[in-house]
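A.B. asks: This is the content of run-v8.cif (mmCIF, C-alpha atoms):
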```cif
data_work
#
loop_
_atom_site.group_PDB
_atom_site.id
_atom_site.type_symbol
_atom_site.label_atom_id
_atom_site.label_comp_id
_atom_site.auth_asym_id
_atom_site.auth_seq_id
_atom_site.Cartn_x
_atom_site.Cartn_y
_atom_site.Cartn_z
ATOM 1 C CA MET S 1 51.208 107.430 26.968
ATOM 2 C CA ASP S 2 53.824 104.724 26.777
ATOM 3 C CA GLY S 3 57.302 104.420 25.328
ATOM 4 C CA TYR S 4 56.026 103.084 22.017
ATOM 5 C CA PHE S 5 54.051 106.270 21.425
ATOM 6 C CA TYR S 6 57.011 108.485 22.287
ATOM 7 C CA ALA S 7 59.257 106.491 19.948
ATOM 8 C CA LEU S 8 56.685 106.950 17.163
ATOM 9 C CA LEU S 9 56.475 110.648 18.023
ATOM 10 C CA VAL S 10 60.212 111.244 17.694
ATOM 11 C CA VAL S 11 60.899 109.012 14.694
ATOM 12 C CA GLY S 12 57.715 110.072 12.885
ATOM 13 C CA LEU S 13 58.381 113.791 13.267
ATOM 14 C CA VAL S 14 62.047 113.473 12.298
ATOM 15 C CA SER S 15 61.049 111.461 9.224
ATOM 16 C CA THR S 16 58.420 114.045 8.280
ATOM 17 C CA ILE S 17 60.895 116.910 8.600
ATOM 18 C CA ILE S 18 63.540 115.099 6.524
ATOM 19 C CA CYS S 19 61.044 114.340 3.769
ATOM 20 C CA ILE S 20 59.530 117.840 3.711
ATOM 21 C CA VAL S 21 62.967 119.453 3.492
ATOM 22 C CA ALA S 22 63.944 117.123 0.634
ATOM 23 C CA GLY S 23 60.695 117.940 -1.172
ATOM 24 C CA LEU S 24 61.176 121.672 -0.716
ATOM 25 C CA MET S 25 64.708 121.325 -2.073
ATOM 26 C CA LYS S 26 63.143 119.714 -5.177
ATOM 27 C CA LYS S 27 65.041 116.457 -4.723
ATOM 28 C CA ALA S 28 63.794 113.063 -5.787
ATOM 29 C CA PRO S 29 63.324 110.454 -3.054
ATOM 30 C CA ASN S 30 66.752 109.279 -1.932
ATOM 31 C CA ASP S 31 68.313 107.096 0.740
ATOM 32 C CA PRO S 32 67.774 109.501 3.680
ATOM 33 C CA THR S 33 64.087 110.008 2.924
ATOM 34 C CA ILE S 34 63.338 106.360 2.256
ATOM 35 C CA HIS S 35 65.390 105.188 5.235
ATOM 36 C CA SER S 36 63.600 107.634 7.523
ATOM 37 C CA VAL S 37 60.267 106.096 6.526
ATOM 38 C CA LEU S 38 61.701 102.614 6.984
ATOM 39 C CA ALA S 39 62.748 103.712 10.491
ATOM 40 C CA VAL S 40 59.082 104.501 11.171
ATOM 41 C CA GLU S 41 58.242 100.981 9.961
ATOM 42 C CA ALA S 42 60.910 99.535 12.284
ATOM 43 C CA VAL S 43 59.404 101.350 15.283
ATOM 44 C CA LEU S 44 55.992 99.991 14.315
ATOM 45 C CA LEU S 45 57.386 96.454 14.150
ATOM 46 C CA VAL S 46 58.840 96.879 17.648
ATOM 47 C CA TYR S 47 55.447 98.199 18.776
ATOM 48 C CA LEU S 48 53.774 95.139 17.215
ATOM 49 C CA VAL S 49 56.095 92.672 18.946
ATOM 50 C CA GLY S 50 55.764 94.543 22.242
ATOM 51 C CA SER S 51 51.978 94.500 21.969
ATOM 52 C CA ILE S 52 51.911 90.783 21.223
ATOM 53 C CA VAL S 53 54.160 90.110 24.223
ATOM 54 C CA ARG S 54 52.010 92.290 26.491
ATOM 55 C CA VAL S 55 48.837 90.465 25.440
ATOM 56 C CA ALA S 56 50.565 87.074 25.808
ATOM 57 C CA LEU S 57 51.576 88.023 29.358
ATOM 58 C CA GLY S 58 47.953 88.718 30.221
ATOM 59 C CA GLU S 59 47.653 92.484 29.859
ATOM 60 C CA GLN S 60 44.219 93.500 28.612
ATOM 61 C CA ILE S 61 43.403 96.099 25.981
ATOM 62 C CA ALA S 62 40.901 98.528 27.529
ATOM 63 C CA GLY S 63 39.128 99.226 24.234
ATOM 64 C CA GLU S 64 38.089 96.908 21.455
ATOM 65 C CA PRO S 65 40.972 94.564 20.540
ATOM 66 C CA TRP S 66 39.885 94.323 16.898
ATOM 67 C CA GLU S 67 40.112 98.116 16.639
ATOM 68 C CA PHE S 68 43.634 98.199 18.101
ATOM 69 C CA TRP S 69 44.893 95.429 15.808
ATOM 70 C CA GLY S 70 43.181 97.052 12.819
ATOM 71 C CA TYR S 71 45.002 100.305 13.491
ATOM 72 C CA MET S 72 48.239 98.381 13.938
ATOM 73 C CA LEU S 73 47.862 96.520 10.647
ATOM 74 C CA THR S 74 46.954 99.698 8.770
ATOM 75 C CA ALA S 75 49.849 101.619 10.324
ATOM 76 C CA LEU S 76 52.234 98.847 9.258
ATOM 77 C CA ILE S 77 50.990 98.982 5.651
ATOM 78 C CA ILE S 78 51.161 102.777 5.194
ATOM 79 C CA PRO S 79 54.984 103.175 5.219
ATOM 80 C CA LEU S 80 55.425 100.256 2.835
ATOM 81 C CA GLY S 81 52.916 101.738 0.407
ATOM 82 C CA ALA S 82 54.589 105.144 0.537
ATOM 83 C CA VAL S 83 58.046 103.671 -0.097
ATOM 84 C CA TYR S 84 56.636 101.679 -3.009
ATOM 85 C CA TRP S 85 55.116 104.901 -4.379
ATOM 86 C CA ALA S 86 58.420 106.760 -3.974
ATOM 87 C CA ILE S 87 60.353 104.052 -5.795
ATOM 88 C CA LEU S 88 57.887 104.016 -8.704
ATOM 89 C CA GLU S 89 57.488 107.779 -9.024
ATOM 90 C CA ARG S 90 60.892 109.364 -8.557
ATOM 91 C CA THR S 91 59.745 112.999 -8.397
ATOM 92 C CA ARG S 92 60.019 115.556 -5.629
ATOM 93 C CA TRP S 93 56.303 115.097 -4.914
ATOM 94 C CA SER S 94 56.957 111.590 -3.667
ATOM 95 C CA ASN S 95 58.880 113.133 -0.784
ATOM 96 C CA PHE S 96 55.675 114.817 0.339
ATOM 97 C CA VAL S 97 53.911 111.446 0.227
ATOM 98 C CA LEU S 98 56.741 110.067 2.375
ATOM 99 C CA ALA S 99 56.388 113.062 4.715
ATOM 100 C CA ALA S 100 52.726 112.240 5.285
ATOM 101 C CA VAL S 101 53.708 108.832 6.663
ATOM 102 C CA GLY S 102 55.291 110.174 9.847
ATOM 103 C CA VAL S 103 52.320 112.341 10.772
ATOM 104 C CA THR S 104 49.734 109.728 9.798
ATOM 105 C CA VAL S 105 51.417 106.973 11.795
ATOM 106 C CA LEU S 106 51.842 109.351 14.728
ATOM 107 C CA VAL S 107 48.094 110.045 14.811
ATOM 108 C CA MET S 108 47.343 106.340 14.475
ATOM 109 C CA GLY S 109 49.806 105.599 17.297
ATOM 110 C CA ALA S 110 48.022 108.111 19.525
ATOM 111 C CA ARG S 111 44.721 106.393 18.766
ATOM 112 C CA MET S 112 46.206 102.946 19.456
ATOM 113 C CA ASN S 113 47.421 104.285 22.780
ATOM 114 C CA GLN S 114 43.906 105.530 23.614
ATOM 115 C CA ILE S 115 42.426 102.151 22.747
ATOM 116 C CA TRP S 116 45.032 100.279 24.806
ATOM 117 C CA TYR S 117 44.527 102.340 27.950
#
```
Could you express the structure from this file as C-alpha cells?

C.D. replies:
Amino acid sequence: MDGYFYALLVVGLVSTIICIVAGLMKKAPNDPTIHSVLAVEAVLLVYLVGSIVRVALGEQIAGEPWEFWGYMLTALIIPLGAVYWAILERTRWSNFVLAAVGVTVLVMGARMNQIWY
C-alpha cells in the first residue's frame, strides 16, 4: 500500500461519515457534504498526477495498464456525478449518494493499488 491509498482511505472515510451524519439528520446536501466529496476528487487528482509522473519516470505497472487507467478514470468521474446529483436533487437522500462516493472510491483505490504492485 502506498501513500495515495492511505490518503484515499482517510479522506474517503471522513467524507462518508460526514455525508451519512448529514443524511441521518435529514439535512439537504450543503457545503460540508459537497466539499468533503470534492476533497475526495482532489485526492484522486493528486493520485492521477503522481501516477503519470511515476510512469514517466519509468516505473512499471505490475498488472494491466489499461485496467489501472480505467479504474482511475472511473474513480475520477464518480465524485463529479454524485455532486451533480446532489445539486439537482436537494433532498436528504442525496447525502447518502454522496456518502457512497467515499467507500466506492476507497475500494477502487485498493484495486488500483493491487494492479500497480

A.B. asks: So which one's closest to Val105 of chain S, S:Pro65, S:Asp31, S:Ala39, S:Ile20? Using only C-alpha atoms, please.

C.D. replies: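 Among the listed residues, the smallest separation from Val105 of chain S belongs to S:Ala39.
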
A.B. asks: Please evaluate the PyMOL selection byres ((chain S and resi 33) around 12) against the structure above and give the resulting residues as a PDB file with C-alpha atoms, in the frame of the given file.

C.D. replies:
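After the write, out_11.pdb holds the following:
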```
ATOM      1  CA  GLY S  12      57.715 110.072  12.885  1.00  0.00           C
ATOM      2  CA  VAL S  14      62.047 113.473  12.298  1.00  0.00           C
ATOM      3  CA  SER S  15      61.049 111.461   9.224  1.00  0.00           C
ATOM      4  CA  THR S  16      58.420 114.045   8.280  1.00  0.00           C
ATOM      5  CA  ILE S  17      60.895 116.910   8.600  1.00  0.00           C
ATOM      6  CA  ILE S  18      63.540 115.099   6.524  1.00  0.00           C
ATOM      7  CA  CYS S  19      61.044 114.340   3.769  1.00  0.00           C
ATOM      8  CA  ILE S  20      59.530 117.840   3.711  1.00  0.00           C
ATOM      9  CA  VAL S  21      62.967 119.453   3.492  1.00  0.00           C
ATOM     10  CA  ALA S  22      63.944 117.123   0.634  1.00  0.00           C
ATOM     11  CA  GLY S  23      60.695 117.940  -1.172  1.00  0.00           C
ATOM     12  CA  LYS S  27      65.041 116.457  -4.723  1.00  0.00           C
ATOM     13  CA  ALA S  28      63.794 113.063  -5.787  1.00  0.00           C
ATOM     14  CA  PRO S  29      63.324 110.454  -3.054  1.00  0.00           C
ATOM     15  CA  ASN S  30      66.752 109.279  -1.932  1.00  0.00           C
ATOM     16  CA  ASP S  31      68.313 107.096   0.740  1.00  0.00           C
ATOM     17  CA  PRO S  32      67.774 109.501   3.680  1.00  0.00           C
ATOM     18  CA  ILE S  34      63.338 106.360   2.256  1.00  0.00           C
ATOM     19  CA  HIS S  35      65.390 105.188   5.235  1.00  0.00           C
ATOM     20  CA  SER S  36      63.600 107.634   7.523  1.00  0.00           C
ATOM     21  CA  VAL S  37      60.267 106.096   6.526  1.00  0.00           C
ATOM     22  CA  LEU S  38      61.701 102.614   6.984  1.00  0.00           C
ATOM     23  CA  ALA S  39      62.748 103.712  10.491  1.00  0.00           C
ATOM     24  CA  VAL S  40      59.082 104.501  11.171  1.00  0.00           C
ATOM     25  CA  PRO S  79      54.984 103.175   5.219  1.00  0.00           C
ATOM     26  CA  ALA S  82      54.589 105.144   0.537  1.00  0.00           C
ATOM     27  CA  VAL S  83      58.046 103.671  -0.097  1.00  0.00           C
ATOM     28  CA  ALA S  86      58.420 106.760  -3.974  1.00  0.00           C
ATOM     29  CA  ILE S  87      60.353 104.052  -5.795  1.00  0.00           C
ATOM     30  CA  ARG S  90      60.892 109.364  -8.557  1.00  0.00           C
ATOM     31  CA  ARG S  92      60.019 115.556  -5.629  1.00  0.00           C
ATOM     32  CA  SER S  94      56.957 111.590  -3.667  1.00  0.00           C
ATOM     33  CA  ASN S  95      58.880 113.133  -0.784  1.00  0.00           C
ATOM     34  CA  PHE S  96      55.675 114.817   0.339  1.00  0.00           C
ATOM     35  CA  VAL S  97      53.911 111.446   0.227  1.00  0.00           C
ATOM     36  CA  LEU S  98      56.741 110.067   2.375  1.00  0.00           C
ATOM     37  CA  ALA S  99      56.388 113.062   4.715  1.00  0.00           C
ATOM     38  CA  ALA S 100      52.726 112.240   5.285  1.00  0.00           C
ATOM     39  CA  VAL S 101      53.708 108.832   6.663  1.00  0.00           C
ATOM     40  CA  GLY S 102      55.291 110.174   9.847  1.00  0.00           C
TER      41      GLY S 102
END
```

A.B. asks: Need the shell around segment 45-58 of chain S: protein/DNA/RNA residues with any atom at most 8 Å away, counting only C-alpha atoms. Skip same-chain ones fewer than 4 positions apart. Format as a PyMOL selection string?

C.D. replies: chain S and resi 4+41+72+76

A.B. asks: What's the separation between atom CA of Ala110 of chain S and atom CA of Glu59 of chain S, in Å to one decimal place?

C.D. replies: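 Between atom CA of Ala110 of chain S and atom CA of Glu59 of chain S the gap is 18.7 Å.
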
A.B. asks: Using the chain letters and numbers from the file, give me the residues hit by the PyMOL selection byres ((chain S and resi 107-109) around 12), as a compact mmCIF listing (two decimals) with C-alpha atoms, in the frame of the given file.

C.D. replies:
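Contents of expr-v2.txt, freshly written:
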```txt
# COMPACT_ATOMS: atom_id res chain seq x y z
CA MET S 1 51.21 107.43 26.97
CA ASP S 2 53.82 104.72 26.78
CA GLY S 3 57.30 104.42 25.33
CA TYR S 4 56.03 103.08 22.02
CA PHE S 5 54.05 106.27 21.42
CA TYR S 6 57.01 108.48 22.29
CA ALA S 7 59.26 106.49 19.95
CA LEU S 8 56.68 106.95 17.16
CA LEU S 9 56.48 110.65 18.02
CA VAL S 10 60.21 111.24 17.69
CA VAL S 11 60.90 109.01 14.69
CA GLY S 12 57.72 110.07 12.88
CA LEU S 13 58.38 113.79 13.27
CA VAL S 40 59.08 104.50 11.17
CA VAL S 43 59.40 101.35 15.28
CA LEU S 44 55.99 99.99 14.32
CA TYR S 47 55.45 98.20 18.78
CA LEU S 48 53.77 95.14 17.22
CA GLU S 67 40.11 98.12 16.64
CA PHE S 68 43.63 98.20 18.10
CA TRP S 69 44.89 95.43 15.81
CA GLY S 70 43.18 97.05 12.82
CA TYR S 71 45.00 100.30 13.49
CA MET S 72 48.24 98.38 13.94
CA LEU S 73 47.86 96.52 10.65
CA THR S 74 46.95 99.70 8.77
CA ALA S 75 49.85 101.62 10.32
CA LEU S 76 52.23 98.85 9.26
CA ILE S 78 51.16 102.78 5.19
CA ALA S 100 52.73 112.24 5.28
CA VAL S 101 53.71 108.83 6.66
CA GLY S 102 55.29 110.17 9.85
CA VAL S 103 52.32 112.34 10.77
CA THR S 104 49.73 109.73 9.80
CA VAL S 105 51.42 106.97 11.80
CA LEU S 106 51.84 109.35 14.73
CA ALA S 110 48.02 108.11 19.52
CA ARG S 111 44.72 106.39 18.77
CA MET S 112 46.21 102.95 19.46
CA ASN S 113 47.42 104.28 22.78
CA GLN S 114 43.91 105.53 23.61
CA ILE S 115 42.43 102.15 22.75
CA TRP S 116 45.03 100.28 24.81
```

A.B. asks: At what distance in Å, to one decimal, does atom CA of Ile77 of chain S lie from atom CA of Trp93 of chain S?

C.D. replies: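 Taking atom CA of Trp93 of chain S as the start and atom CA of Ile77 of chain S as the end point, the length is 20.0 Å.
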
A.B. asks: Could you add whatever atoms are missing so that segment 80-91 of chain S carries all heavy atoms, then write the result as a compact mmCIF listing (two decimals), in the coordinates of the input?

C.D. replies:
```txt
# COMPACT_ATOMS: atom_id res chain seq x y z
N LEU S 80 55.04 101.10 3.97
CA LEU S 80 55.42 100.26 2.84
C LEU S 80 54.82 100.77 1.53
O LEU S 80 55.49 100.80 0.49
CB LEU S 80 55.01 98.81 3.10
CG LEU S 80 55.64 98.15 4.32
CD1 LEU S 80 55.09 96.75 4.50
CD2 LEU S 80 57.14 98.14 4.22
N GLY S 81 53.56 101.18 1.58
CA GLY S 81 52.92 101.74 0.41
C GLY S 81 53.57 103.03 -0.06
O GLY S 81 53.74 103.26 -1.25
N ALA S 82 53.95 103.88 0.89
CA ALA S 82 54.59 105.14 0.54
C ALA S 82 55.97 104.92 -0.08
O ALA S 82 56.35 105.59 -1.04
CB ALA S 82 54.70 106.04 1.77
N VAL S 83 56.73 103.97 0.47
CA VAL S 83 58.05 103.67 -0.10
C VAL S 83 57.88 103.10 -1.50
O VAL S 83 58.63 103.46 -2.42
CB VAL S 83 58.84 102.72 0.83
CG1 VAL S 83 60.06 102.16 0.12
CG2 VAL S 83 59.25 103.44 2.10
N TYR S 84 56.91 102.23 -1.69
CA TYR S 84 56.64 101.68 -3.01
C TYR S 84 56.30 102.81 -4.00
O TYR S 84 56.81 102.84 -5.12
CB TYR S 84 55.49 100.67 -2.91
CG TYR S 84 55.14 99.98 -4.19
CD1 TYR S 84 56.01 99.06 -4.77
CD2 TYR S 84 53.94 100.25 -4.84
CE1 TYR S 84 55.69 98.42 -5.96
CE2 TYR S 84 53.62 99.63 -6.02
CZ TYR S 84 54.49 98.71 -6.58
OH TYR S 84 54.17 98.08 -7.75
N TRP S 85 55.47 103.74 -3.56
CA TRP S 85 55.12 104.90 -4.38
C TRP S 85 56.37 105.69 -4.74
O TRP S 85 56.56 106.08 -5.90
CB TRP S 85 54.14 105.78 -3.60
CG TRP S 85 53.73 107.05 -4.25
CD1 TRP S 85 54.52 108.00 -4.84
CD2 TRP S 85 52.40 107.55 -4.37
NE1 TRP S 85 53.77 109.04 -5.30
CE2 TRP S 85 52.46 108.79 -5.03
CE3 TRP S 85 51.17 107.06 -3.97
CZ2 TRP S 85 51.34 109.56 -5.29
CZ3 TRP S 85 50.05 107.83 -4.23
CH2 TRP S 85 50.14 109.06 -4.89
N ALA S 86 57.22 105.95 -3.75
CA ALA S 86 58.42 106.76 -3.97
C ALA S 86 59.40 106.08 -4.93
O ALA S 86 60.09 106.76 -5.69
CB ALA S 86 59.10 107.05 -2.64
N ILE S 87 59.45 104.77 -4.89
CA ILE S 87 60.35 104.05 -5.80
C ILE S 87 59.81 104.09 -7.23
O ILE S 87 60.57 104.23 -8.18
CB ILE S 87 60.55 102.60 -5.31
CG1 ILE S 87 61.40 102.62 -4.03
CG2 ILE S 87 61.21 101.74 -6.38
CD1 ILE S 87 61.49 101.27 -3.34
N LEU S 88 58.48 103.99 -7.37
CA LEU S 88 57.89 104.02 -8.70
C LEU S 88 57.87 105.41 -9.32
O LEU S 88 58.10 105.57 -10.51
CB LEU S 88 56.46 103.47 -8.66
CG LEU S 88 56.31 101.98 -8.44
CD1 LEU S 88 54.84 101.60 -8.43
CD2 LEU S 88 57.04 101.19 -9.49
N GLU S 89 57.57 106.41 -8.52
CA GLU S 89 57.49 107.78 -9.02
C GLU S 89 58.61 108.60 -8.40
O GLU S 89 58.48 109.14 -7.31
CB GLU S 89 56.13 108.40 -8.68
CG GLU S 89 55.95 109.77 -9.27
CD GLU S 89 54.63 110.39 -8.89
OE1 GLU S 89 53.61 109.69 -8.86
OE2 GLU S 89 54.63 111.59 -8.60
N ARG S 90 59.69 108.71 -9.08
CA ARG S 90 60.89 109.36 -8.56
C ARG S 90 60.86 110.87 -8.81
O ARG S 90 61.71 111.42 -9.51
CB ARG S 90 62.14 108.75 -9.18
CG ARG S 90 62.24 107.24 -9.11
CD ARG S 90 62.86 106.65 -7.92
NE ARG S 90 64.13 107.24 -7.56
CZ ARG S 90 64.63 107.13 -6.36
NH1 ARG S 90 63.97 106.48 -5.44
NH2 ARG S 90 65.76 107.68 -6.06
N THR S 91 59.83 111.55 -8.29
CA THR S 91 59.74 113.00 -8.40
C THR S 91 59.78 113.59 -7.00
O THR S 91 59.63 112.88 -6.00
CB THR S 91 58.44 113.44 -9.09
OG1 THR S 91 57.34 113.09 -8.25
CG2 THR S 91 58.28 112.77 -10.45
```
